Amino acid sequence: MTLHPLIESGWMNAVLPELILSAGGMLLILWTAFAPKLKGTTAPLALIVFIVAALSENAVKGGNFFGGTYQISAITQLFDITFLLAAILATLFAREYLEREGIEGGEFYALLMWGTVGMMMMAKGLDLLIVILGLETLSICIFVLVGYHRRLPISNEASLKYFLMGAFATGFVLYGTALFYGATQSTKFEAMTRYFATADATNPLLTVAFVLLLSGLGFKLAVAPFHGWAPDVYQGAPSPVAGWLSVAPKAATLIALVRIFASMMPTFHLARWSTMVAALSVLSMVIGNAVAIAQRDLKRMLAYSGIAHVGYMLIAMLSVRDQSVAAVTVYVITYALMNIGAFGVVSMLAKNQNDPQTLDDIAGLGFRRPFYGLALTICMFSLSGLPPTAGFIAKFYVFKTAVDSGYTGIALVGILTSIVSVYYYLRVVYYLYMKEAPEGYAVPVAGMFATGALAISMVGIFVIGIFPTPLFEMAGAAAHALLP
Amino acid sequence: MLNLLWLIPLAPFAGFVINGLFGKRAGKPFVTAVALLGSLTPAILGTVAAIQYRGVSPHGERWVNVVYDWITSGNIGAQVAFQLDPLSIVMLMVVTWVGFLIHVYSAGYMHDDEGYWRYFAYLNLFLSEMLVLILGSSYLLMFVGWEGVGLCSYLLIGFYYKTDYAPAAGKKAFVVNRIGDFGFLIAMFLMFAYFGSVDFGKVSQIAAVGGVTPSLLTAICLLLFLGAAGKSAQIPLYVWLPDAMAGPTPVSALIHAATMVTAGVYMVARSNVLYRLAPGAMMVVAIIGGLTALFAATIGIRQFDIKKVLAYSTVSQLGFMFIAVGVGAFTAGVFHLVTHAFFKACLFLGSGSVIHAMGGEQDIRKMGGLRDKIPQTFRTFQWATYAIAGLPLAAAFFSKDEILASAWATPYFPTVGKFVWLLGTIAAFFTALYMYRLYYLTFHGKFRGTHEQEHHLHESPPSMTVPLWILGGLSLVGGLIGIPQRNWLEGWLHPVIPHIENVHGLIEIPETTEITIAAVSTLIAILGWWIARARFKERQLEGDTWLAPGLARTLENKWYVDEIYDATVVRPLERISTFLWRGIDAVIDGLLALLGYIVAACGDLLRFLQTGNVRNYALMFFAGVVIFIWVLA
Amino acid sequence: MIPTSWFLILSAILFTIGVCGFLTRKNGITMFMCVELMVNAVNLTFLAYARQFHQLHGLIFVFFVMAIAAAEAAVGLAIFISLFHHRETIDVDEANLMRW
Amino acid sequence: MIEFAIFFFFAAIAVIFALVVILHRNPVVGALSLVASFFALAVMYVLLDAPFLAALQVIVYAGAIMVLFLFVIMLLNLQHGSEPATRPVQQFLGYAGSAFFGLALVYYLVKYTVLQLPPGPFLSDARAIGVTLFEAYIFPFEMVSILLLAAIVGALLLSGRGARPEVAR
Amino acid sequence: MSHVLSLVLWLPIVTAVLLMLVPRRFAAEIKVVGLAAALIEFVVSLAIVQHFEDGVAGMQLVEAHPWIKQWGITYSLGVDGISIWLVLLTTLLTPIVFLSGWNAIAKHPKEYVISFLIMEAAMIGVFLATDLLLFYVFFELTLLPMYLVIGVWGGANRIYAAIKFFLFTIAGSLLMLLGIIYMAFLHFHDSGVWSFAVTDFYGMHYRSMTTEALLFFAFSLAFAIKVPLFPLHTWLPDAHVEAPTGGSIILAGVMLKMGTYGFLRFVLPFFPNATAKYAPWLIALSVIGVIYGALVAWVQPDMKKLVAYSSVSHLGFCVLGIFALQQTAIEGSILQMVNHGLSTGALFLLVGVIYERRHTRKLADYGGLGGVMPVYATFFIIAVLSSVGLPGLNGFVGEFLILSGSFKTQPRATILATTGVILAAIYLLWLVQKVFFGPITNEENRHVKEIAWNEIAAMVPLVVLMVWIGVHPNTFLKKMTPSVQQLLTTVQNRGGAVMLTEKAR
């Protein structure tokens, strides 16, 4: 049969990872459907699929596809890898978690995969249509993954909350898009770029559209004041999912945002839209860090810290330059390593998942399970941005970018808030090493998978923290690919 | 030998190290041997060096033996270098030989003390530091010895560390001295800043050629005098010396009578060039000296602790020395320093022997009639008393007399000089009075102590009496080195007091004044003796009821000076410190805690935005949207 | 022909009504219906513009939006069902195990 | 001029029934009036020369989705229970906020989009849409399948057997 | 042999990592290995002295490898007259810590050793780094081990102390980080290249005085907290009181010096004008610190608190010396940093000794120990005297140089500070009197075990050095002189000179 010229040859391996993941997902569904006895094998299979997908990135060659609506470039590949990394870590942790909770099943991993596909679409789409489609695919998967622990009331409640807010936010995203469409006569980024090059920045309708769009995406980023759902959902979701959820969707959304912002120059600055971004980042840093202090539930605490971290990432986004893209990229990758690591350790606490996993549950862990202790400590110090961990490099990069582009004031806010943040990260270490272990439940020894995951994140944190150069080169190249 | 001057202080230091490390196990004979060697060697070496010195510099130029560069930094260069000149030689002789004698004496006195080794280690250390003090060729090195002897006096006063008063006294001594050293330090900073050096030679040279302003010189001199006042127990810093009697008696004799406490006098004499260029400072010195002399003497007449009496007499005598250096009679000051070393050492050792005999009893009210119980002690004590009272032809007769005469005749500030002379003369009267009171109450009348004390009474061993005899003799004849008009000492010290353009050098006292003054002071002294004799020889303690009770109590309590200091300085300071700690620190911490608390509170409040109700989240979301639209569009 | 802005205004009104309903109703299903209302308002806007520009893109977008809405509906209602299983009600105010 | 009449009539219907949806306390009534509102919208689509989408609107929304709603409502038999009133603050803020929002929106729309319609008919029949869909939008179109697949799997998973918590009962 | 610095830097880290792999049942072996490593480290660090050329001002034994190319951040080490003795101090104190804690640390010895080794490396890194960011990395890296040391092996109220310590320090250093970034940014704007090499910031040009002043404060705050300077000192007493002996030794011995060192190495040459302008303020604070610390120390009922406040007083001298901007004074304060490390380190060690035997630090519980444990008493008194500044021991030389030097530029302040010498005698002799003299009031004190071999072994080198520095300080001074001169010229070439000329004479 003959294909329309719009469908270039080679589109097949352009979207190879997506195809592999989609197919892999279906495969797993069938596998669990027909071989329910072999539930144990699903995780390894999923791992293989993810790894294959990651490898397939090599086969992918860059370029624009599907009528210039789909871009494969250095940055999309770097982000693909990030998504896959997040998924792999989540899988590794999930294995033992699901086993312990007796809710194993291929669907879990299938949904992870499809969610990843959705994120890939968000990262690569040059057309808001595709971005939104990816966004929705992702959302659907998240709804389900969050509610995956069906027996748990909180899990169900979490998915309810996420679903309602998600649907609500989608409405805003769509309406914003529609209004932009009205202005630009297209939802392609290039069209927007062309339009905004000469747009009248005073048109309030555009501003409204922007606010609607950004708030809708801000929901995915869990940036204040659109963060309401985050703590509850993280608490309710299965820990591995929470870890993944706190990282991957944000990454996807951020890169989509970069494209959007970039296509809106110079109105983005003229119409003071950057101010909104700044406001969001400041609010997130302040609220996130302040409230995190008040949390005793680890997952909620991490949720708030996550809100704060998005605030830091947005600092870099203020100036849409290759520098800032690189900074965000580095931050996202780092954040993936350390946050999923932290959630992973939490997921190891064999506690009734319906009860909050509080600080007391990790008391004395540092000496009872040195490996967990070490891992969590490293993650915490990386999150609080202390050298020589990756967290420091990332924060440093962000602040540097901010100063570099004249946002010293906001960088100062960032600094002050991270002083606050040190307190609650430190408190975790304090519970780990300086509290007597509570009588009662025993923390299981990490199995092969979790150990591997923790090892990956620890090593990653230190490697990035001590030899960041290669990553910088990659990020730099990627950023350049995005904003030439 | 002259290039090995550093051996002189080193020898006793070696003694200190050896005794300090091995003394405890080695046993008494060993310790004694080391200690005596450690004190005899510097004496001999010093003498040899002195003789050689005559050879190399007949005209008394200073001989400096540089050992090594100590501190070199920026424009601060300090060397470890020792010097000989007439003045330091005089000091050297006094310190080493008296020191040796007292070592000998101590061997007997401390014989039964379990801290024997410790004692001698300290004593040797003291000797070496004292030698550094007097041989040092710069103010800095002098300061090293200065602090060193301070440390030793601290250790030795607190020697009986198991009591609670002795360590306290030691601490008091050290701290008060530190207050003086504060002045000394600042003076040195000034010298470094404006003379660029603290070497005696350079400093006086630059000063002599008018390299610096008089006001600066005055400042330096006053600050130096602050140091001297601390070390030599002058008003207002004398308070530590009486308490220092808590130490073993030989220590009081060596450190708190003969040597260390005179360091201040030595220092002023050493800096005579600076002082002569700053008459204002000299006047202060003289007046303070006079006041101290009188003040301490008054206290002396109403003390019952034999050592306390001697202590106040020491303070008073030091006052005399400062009168001397203050009015410009530096040689006279040094002269009195020497004679005082003899008779005061003798008196202290005598009192030590008495105490030894009394089995540790120091209260003269328990004594009396000891003259035939411990004849040798009695005899020597008598001589020394005669000397200190300034009765004719004994040591202090010449020295004190010369001081008073020069005070009268001083060319620097004639009128004030007369006034100072008056103070001195009255003080001299009291001196005779309280010394003879002490003498009579102790040795005459009949024994007032308990029976076992009386039974225990015995003359001290020769190791103690021999030094007594020597020092007693010296306190009779020691004055001969400074007979008026043909004054050997003056001639000897003359090079130390260089000629400066239109600044007075040695004071010329007309013979007539000399004689009249001498006559007056002699009469005064005799009067004092006579009164004491009349009241105390027979009536003994009853004689002590002659003062109005109020005055008596005041004197007994030393004019309540300690109490006043305590109330005006110590307590307030303590209160302030406590306030700083409990108050300021608390406030700082409080503020920071408050800050942290506010942040935490905000977090705690904000977290109630998290109602758990998804519709509130939606509202929050929508509110955000609306507000942004409002603000931006 | 009816000017586009009228449709836009209509859709704006509907969207607002949807938002308002979402914020003010407790019944989960009703809230979700309000979301559907919002989505439809968006569709109206897209179509209005599509006609305005004579572009099919808008229509296609609506097409996809419908798909999205359908998918959401499926999952959403499933969630409501399991919510009901858990707590006998779909009043979302009741769902506040996790807070603060 | 007839179409103006139609427009206003059905616009009114759409709005009114939408209001009923958010104001009436009974979900069944709500669902039904939503259906009505959607019908009205379908008419609007026709007015916008998009008959195909109008059809889709009726089939997918009014037909499928809303029926699904009703089905669930019945299944959980919520038709009788009318929900209790919410907290007045939330209520007020909701109304006030959305009122402001709506007014602002309408104001700007009126102010800034006075558009002249281009001449000529707008061809958007099923064929045109189909062609575009399968040429330019083939990839999204395929990806929708994943979306729907995920939705189905999810729906099964969440509402399927085993969803019942042994703790709850 | 040009890699000696790297060797010194990495040896402890490598050892620590290896020890992590050892199962913790080999507690004794781990302690031995740790001690051995620390000793070897010390020997190796002596090689630095051996290869150090006197009379050379700049950095020596330099090593530089690009680290983060994109930002011109390099892994560059170097040692000069300012840092060399601090490095030695660090390598000296660490084995002493291990010795002193030989029996004291029963709980988690493995983690203890590892923490201290990492801390040692980090501190050495702070003194060796010649790249601003590298410095910052090590500066922060010291926090975690110390936090753990205080928090895990500390006293009753350790958590509060540990967190207080951490938050104080981090608050300062994070602001400094912003300062660092901003400076790099300015440098980038002037030169067009990113660089964090310390020397590139010497004599930098700032847009305005305000800019320079703000940066000056950003840096100063961090170091002032570390020192600690007067109003920011309150973390110190708590940290010291709660920290285990080893922790206190390192904290007082080295960590506080990181503050003063920072002033010397960065603040002065980076911001000459601001320094000239604000030096009086910092001097005022330091003088207040001298007196304040001394007075407060005097009324402390707790031995460790007393020593801690005495540190506040002593470090006040150091800061005074630094901001006097005068050769002698600066050399003095560098020397004084070392002195304080020795004497206060010794004091903490000794306090730890009796604490371990009697489990109380209240002065009131002691008295008359002099007769019970004479050797101990001797060591203690020597340490006290060195801290009082008795001539012939190290303390005197340092204080004298500082004071006589700063007297030339800051007479009034110096005179005030000199009173600290008096006060030092008051509170330290008070301590001695309360603990060692007087009759034995408390029966438990009658049979306290005399100081043990390991503690003696730990004390002897300290005492030897006290005497050495006191008797022949030139050994140490002559290595500093050129570097300090260079530093001062850097400062005075720009504005700094103004104040000097107007003050002097």
# chains A, B, ... in the order shown; residues from 1 in each chain; ligands from 1
call {"tool": "interface_residues", "arguments": {"of": "chain D", "to": "chain C", "cutoff": "6 Å", "atoms": "only C-alpha atoms", "output": "PyMOL selection string"}}
result
chain D and resi 22+91+94-95+98+102+106+117+122+148+151+155+158-159+168
call {"tool": "residues_around", "arguments": {"residues": "Leu401 of chain E", "least_positions_apart": "4", "cutoff": "6 Å", "atoms": "only C-alpha atoms", "output": "list in words"}}
result
Thr328, Ala329, Gly332 and Gly405 of chain E
call {"tool": "interface_residues", "arguments": {"of": "chain C", "to": "chain B", "cutoff": "6 Å", "atoms": "only C-alpha atoms", "output": "number ranges by chain"}}
result
C: 93, 96, 98-100
call {"tool": "write_last_selection", "arguments": {"atoms": "N, CA, C and O atoms", "output": "PDB file, in the first residue's frame"}}
result
ATOM      1  N   ASP C  93     -16.562  14.678  49.951  1.00  0.00           N
ATOM      2  CA  ASP C  93     -16.137  15.282  51.218  1.00  0.00           C
ATOM      3  C   ASP C  93     -15.848  14.213  52.257  1.00  0.00           C
ATOM      4  O   ASP C  93     -15.073  14.425  53.187  1.00  0.00           O
ATOM      5  N   ASN C  96     -11.668  11.785  53.210  1.00  0.00           N
ATOM      6  CA  ASN C  96     -10.563  12.622  53.716  1.00  0.00           C
ATOM      7  C   ASN C  96      -9.766  11.871  54.779  1.00  0.00           C
ATOM      8  O   ASN C  96      -9.495  12.383  55.846  1.00  0.00           O
ATOM      9  N   MET C  98      -6.790  11.092  54.387  1.00  0.00           N
ATOM     10  CA  MET C  98      -5.454  11.681  54.354  1.00  0.00           C
ATOM     11  C   MET C  98      -5.584  13.195  54.335  1.00  0.00           C
ATOM     12  O   MET C  98      -6.276  13.762  53.495  1.00  0.00           O
ATOM     13  N   ARG C  99      -4.953  13.814  55.277  1.00  0.00           N
ATOM     14  CA  ARG C  99      -5.035  15.275  55.343  1.00  0.00           C
ATOM     15  C   ARG C  99      -3.852  15.755  56.167  1.00  0.00           C
ATOM     16  O   ARG C  99      -3.204  14.997  56.857  1.00  0.00           O
ATOM     17  N   TRP C 100      -3.576  17.027  56.098  1.00  0.00           N
ATOM     18  CA  TRP C 100      -2.608  17.712  56.954  1.00  0.00           C
ATOM     19  C   TRP C 100      -1.212  17.174  56.902  1.00  0.00           C
ATOM     20  O   TRP C 100      -0.806  16.157  57.219  1.00  0.00           O
TER      21      TRP C 100
END
call {"tool": "select_by_dssp", "arguments": {"residues": "segment 15-160 of chain D", "states": "helix (DSSP H, G or I)", "output": "ChimeraX atom specification"}}
result
/D:15-23,27-47,51-75,88-112,126-135,138-159
call {"tool": "interface_residues", "arguments": {"of": "chain E", "to": "chain B", "cutoff": "6 Å", "atoms": "only C-alpha atoms", "output": "list in words"}}
result
Leu295, Val296, Gln327, Thr328, Pro391, Ser404, Lys408, Ile422, Phe437, Gly438, Pro439, His472 and Asn474 of chain E
call {"tool": "atom_distance", "arguments": {"atom1": "atom CA of Arg486 of chain B", "atom2": "atom CA of His336 of chain B"}}
result
16.4 Å
call {"tool": "interface_residues", "arguments": {"of": "chain D", "to": "chain B", "cutoff": "8 Å", "atoms": "only C-alpha atoms", "output": "number ranges by chain"}}
result
D: 90, 93-94, 97, 100-101
call {"tool": "write_last_selection", "arguments": {"atoms": "N, CA, C and O atoms", "output": "PDB file, in the first residue's frame"}}
result
ATOM      1  N   GLN D  90     -17.070  27.415  50.947  1.00  0.00           N
ATOM      2  CA  GLN D  90     -16.734  26.774  49.679  1.00  0.00           C
ATOM      3  C   GLN D  90     -17.750  27.199  48.610  1.00  0.00           C
ATOM      4  O   GLN D  90     -17.387  27.657  47.531  1.00  0.00           O
ATOM      5  N   LEU D  93     -17.292  30.942  47.666  1.00  0.00           N
ATOM      6  CA  LEU D  93     -16.073  31.148  46.880  1.00  0.00           C
ATOM      7  C   LEU D  93     -16.236  30.543  45.499  1.00  0.00           C
ATOM      8  O   LEU D  93     -15.868  31.128  44.484  1.00  0.00           O
ATOM      9  N   GLY D  94     -16.845  29.351  45.462  1.00  0.00           N
ATOM     10  CA  GLY D  94     -17.039  28.711  44.164  1.00  0.00           C
ATOM     11  C   GLY D  94     -17.819  29.606  43.222  1.00  0.00           C
ATOM     12  O   GLY D  94     -17.340  29.950  42.149  1.00  0.00           O
ATOM     13  N   GLY D  97     -15.907  33.046  42.578  1.00  0.00           N
ATOM     14  CA  GLY D  97     -14.746  32.861  41.730  1.00  0.00           C
ATOM     15  C   GLY D  97     -15.147  32.607  40.299  1.00  0.00           C
ATOM     16  O   GLY D  97     -14.740  33.317  39.363  1.00  0.00           O
ATOM     17  N   PHE D 100     -16.542  35.662  38.585  1.00  0.00           N
ATOM     18  CA  PHE D 100     -15.492  36.571  38.131  1.00  0.00           C
ATOM     19  C   PHE D 100     -14.839  36.019  36.872  1.00  0.00           C
ATOM     20  O   PHE D 100     -14.728  36.690  35.840  1.00  0.00           O
ATOM     21  N   PHE D 101     -14.486  34.747  36.960  1.00  0.00           N
ATOM     22  CA  PHE D 101     -13.791  34.099  35.857  1.00  0.00           C
ATOM     23  C   PHE D 101     -14.619  34.237  34.578  1.00  0.00           C
ATOM     24  O   PHE D 101     -14.160  34.757  33.558  1.00  0.00           O
TER      25      PHE D 101
END
call {"tool": "closest_residue", "arguments": {"among": "A:Gln235, A:Ser457, A:Ser382, A:Asn58", "to": "chain B", "atoms": "only C-alpha atoms"}}
result
A:Gln235
call {"tool": "interface_residues", "arguments": {"of": "chain A", "to": "chain D", "cutoff": "9 Å", "atoms": "only C-alpha atoms", "output": "ChimeraX atom specification"}}
result
/A:3-7,22,26,29,66-67,107,110-111,114-115,117-118,129-130,133-134,136-138,140-141,143-145,147-153,156,203-205,208
call {"tool": "residues_around", "arguments": {"residues": "Tyr45 of chain D", "least_positions_apart": "3", "cutoff": "10 Å", "atoms": "only C-alpha atoms", "output": "list in words"}}
result
Phe7, Asn43, Leu44, Leu47 and Ala48 of chain C; Phe39, Ala40, Leu41, Ala42, Leu48, Asp49, Ala50, Pro51, Phe52, Leu53, Ala54, Ala55 and Gln57 of chain D
call {"tool": "write_last_selection", "arguments": {"atoms": "C-alpha atoms", "output": "mmCIF file, in the first residue's frame"}}
result
data_model
loop_
_atom_site.group_PDB
_atom_site.id
_atom_site.type_symbol
_atom_site.label_atom_id
_atom_site.label_comp_id
_atom_site.auth_asym_id
_atom_site.auth_seq_id
_atom_site.Cartn_x
_atom_site.Cartn_y
_atom_site.Cartn_z
ATOM 1 C CA PHE C 7 -20.112 30.560 20.073
ATOM 2 C CA ASN C 43 -15.011 21.403 22.004
ATOM 3 C CA LEU C 44 -17.400 24.152 21.065
ATOM 4 C CA LEU C 47 -15.184 23.999 16.407
ATOM 5 C CA ALA C 48 -15.948 27.689 16.343
ATOM 6 C CA PHE D 39 -27.970 17.598 22.433
ATOM 7 C CA ALA D 40 -28.163 21.332 22.286
ATOM 8 C CA LEU D 41 -24.443 21.433 21.738
ATOM 9 C CA ALA D 42 -24.773 18.934 18.930
ATOM 10 C CA LEU D 48 -20.793 25.294 12.820
ATOM 11 C CA ASP D 49 -20.843 23.172 9.658
ATOM 12 C CA ALA D 50 -19.577 20.112 11.499
ATOM 13 C CA PRO D 51 -22.337 17.592 11.040
ATOM 14 C CA PHE D 52 -20.016 14.675 11.469
ATOM 15 C CA LEU D 53 -18.911 15.796 14.880
ATOM 16 C CA ALA D 54 -22.507 16.586 15.747
ATOM 17 C CA ALA D 55 -23.249 12.967 15.054
ATOM 18 C CA GLN D 57 -21.387 14.149 19.890
#
call {"tool": "interface_residues", "arguments": {"of": "chain A", "to": "chain E", "cutoff": "8 Å", "atoms": "only C-alpha atoms", "output": "list in words"}}
result
Leu386, Pro387, Pro388, Phe399, Lys400, Val403, Asp404, Ala411, Leu412, Ile415, Leu416, Ile419, Val422, Tyr423, Leu426, Tyr430, Tyr433, Met434, Phe467, Pro468, Thr469 and Phe472 of chain A
call {"tool": "atom_distance", "arguments": {"atom1": "atom CA of Trp559 of chain B", "atom2": "atom CA of Thr298 of chain B"}}
result
9.6 Å
call {"tool": "residues_around", "arguments": {"residues": "Val420 of chain B", "least_positions_apart": "4", "cutoff": "7 Å", "atoms": "only C-alpha atoms", "output": "PDB file with N, CA, C and O atoms, in the first residue's frame"}}
result
ATOM      1  N   ALA B 286      56.846  58.348  92.962  1.00  0.00           N
ATOM      2  CA  ALA B 286      57.301  58.747  94.297  1.00  0.00           C
ATOM      3  C   ALA B 286      56.126  58.818  95.263  1.00  0.00           C
ATOM      4  O   ALA B 286      56.155  58.253  96.350  1.00  0.00           O
ATOM      5  N   ILE B 287      55.059  59.467  94.811  1.00  0.00           N
ATOM      6  CA  ILE B 287      53.916  59.654  95.729  1.00  0.00           C
ATOM      7  C   ILE B 287      53.333  58.297  96.097  1.00  0.00           C
ATOM      8  O   ILE B 287      53.146  57.963  97.274  1.00  0.00           O
ATOM      9  N   GLY B 290      55.485  56.668  98.506  1.00  0.00           N
ATOM     10  CA  GLY B 290      55.368  57.237  99.846  1.00  0.00           C
ATOM     11  C   GLY B 290      54.097  56.768 100.522  1.00  0.00           C
ATOM     12  O   GLY B 290      54.117  56.257 101.649  1.00  0.00           O
ATOM     13  N   ALA B 407      64.826  62.421  98.656  1.00  0.00           N
ATOM     14  CA  ALA B 407      63.457  62.888  98.503  1.00  0.00           C
ATOM     15  C   ALA B 407      63.383  64.375  98.843  1.00  0.00           C
ATOM     16  O   ALA B 407      62.777  65.172  98.145  1.00  0.00           O
ATOM     17  N   VAL B 416      56.923  68.723  96.065  1.00  0.00           N
ATOM     18  CA  VAL B 416      56.377  67.375  96.246  1.00  0.00           C
ATOM     19  C   VAL B 416      57.410  66.510  96.958  1.00  0.00           C
ATOM     20  O   VAL B 416      57.095  65.710  97.838  1.00  0.00           O
ATOM     21  N   GLY B 424      57.604  59.525 104.058  1.00  0.00           N
ATOM     22  CA  GLY B 424      58.637  58.529 104.332  1.00  0.00           C
ATOM     23  C   GLY B 424      59.044  58.550 105.794  1.00  0.00           C
ATOM     24  O   GLY B 424      59.141  57.519 106.461  1.00  0.00           O
TER      25      GLY B 424
END
call {"tool": "decode", "arguments": {"residues": "segment 30-34 of chain D", "atoms": "all heavy atoms", "output": "PDB file, in the first residue's frame"}}
result
ATOM      1  N   GLY D  30     -29.578  15.324  37.106  1.00  0.00           N
ATOM      2  CA  GLY D  30     -28.382  15.996  36.575  1.00  0.00           C
ATOM      3  C   GLY D  30     -27.957  15.342  35.292  1.00  0.00           C
ATOM      4  O   GLY D  30     -27.797  15.983  34.251  1.00  0.00           O
ATOM      5  N   ALA D  31     -27.806  14.018  35.338  1.00  0.00           N
ATOM      6  CA  ALA D  31     -27.306  13.301  34.167  1.00  0.00           C
ATOM      7  C   ALA D  31     -28.217  13.549  32.976  1.00  0.00           C
ATOM      8  O   ALA D  31     -27.760  13.919  31.890  1.00  0.00           O
ATOM      9  CB  ALA D  31     -27.236  11.816  34.476  1.00  0.00           C
ATOM     10  N   LEU D  32     -29.486  13.443  33.230  1.00  0.00           N
ATOM     11  CA  LEU D  32     -30.423  13.604  32.101  1.00  0.00           C
ATOM     12  C   LEU D  32     -30.319  14.998  31.514  1.00  0.00           C
ATOM     13  O   LEU D  32     -30.213  15.194  30.304  1.00  0.00           O
ATOM     14  CB  LEU D  32     -31.832  13.315  32.576  1.00  0.00           C
ATOM     15  CG  LEU D  32     -32.061  11.823  32.890  1.00  0.00           C
ATOM     16  CD1 LEU D  32     -33.426  11.594  33.496  1.00  0.00           C
ATOM     17  CD2 LEU D  32     -31.880  11.006  31.621  1.00  0.00           C
ATOM     18  N   SER D  33     -30.265  15.986  32.387  1.00  0.00           N
ATOM     19  CA  SER D  33     -30.219  17.345  31.834  1.00  0.00           C
ATOM     20  C   SER D  33     -28.887  17.577  31.132  1.00  0.00           C
ATOM     21  O   SER D  33     -28.813  18.320  30.140  1.00  0.00           O
ATOM     22  CB  SER D  33     -30.446  18.366  32.934  1.00  0.00           C
ATOM     23  OG  SER D  33     -29.845  17.924  34.127  1.00  0.00           O
ATOM     24  N   LEU D  34     -27.852  16.892  31.572  1.00  0.00           N
ATOM     25  CA  LEU D  34     -26.587  17.010  30.847  1.00  0.00           C
ATOM     26  C   LEU D  34     -26.759  16.480  29.434  1.00  0.00           C
ATOM     27  O   LEU D  34     -26.313  17.081  28.460  1.00  0.00           O
ATOM     28  CB  LEU D  34     -25.487  16.247  31.586  1.00  0.00           C
ATOM     29  CG  LEU D  34     -24.071  16.503  31.076  1.00  0.00           C
ATOM     30  CD1 LEU D  34     -23.720  17.965  31.235  1.00  0.00           C
ATOM     31  CD2 LEU D  34     -23.060  15.641  31.796  1.00  0.00           C
TER      32      LEU D  34
END
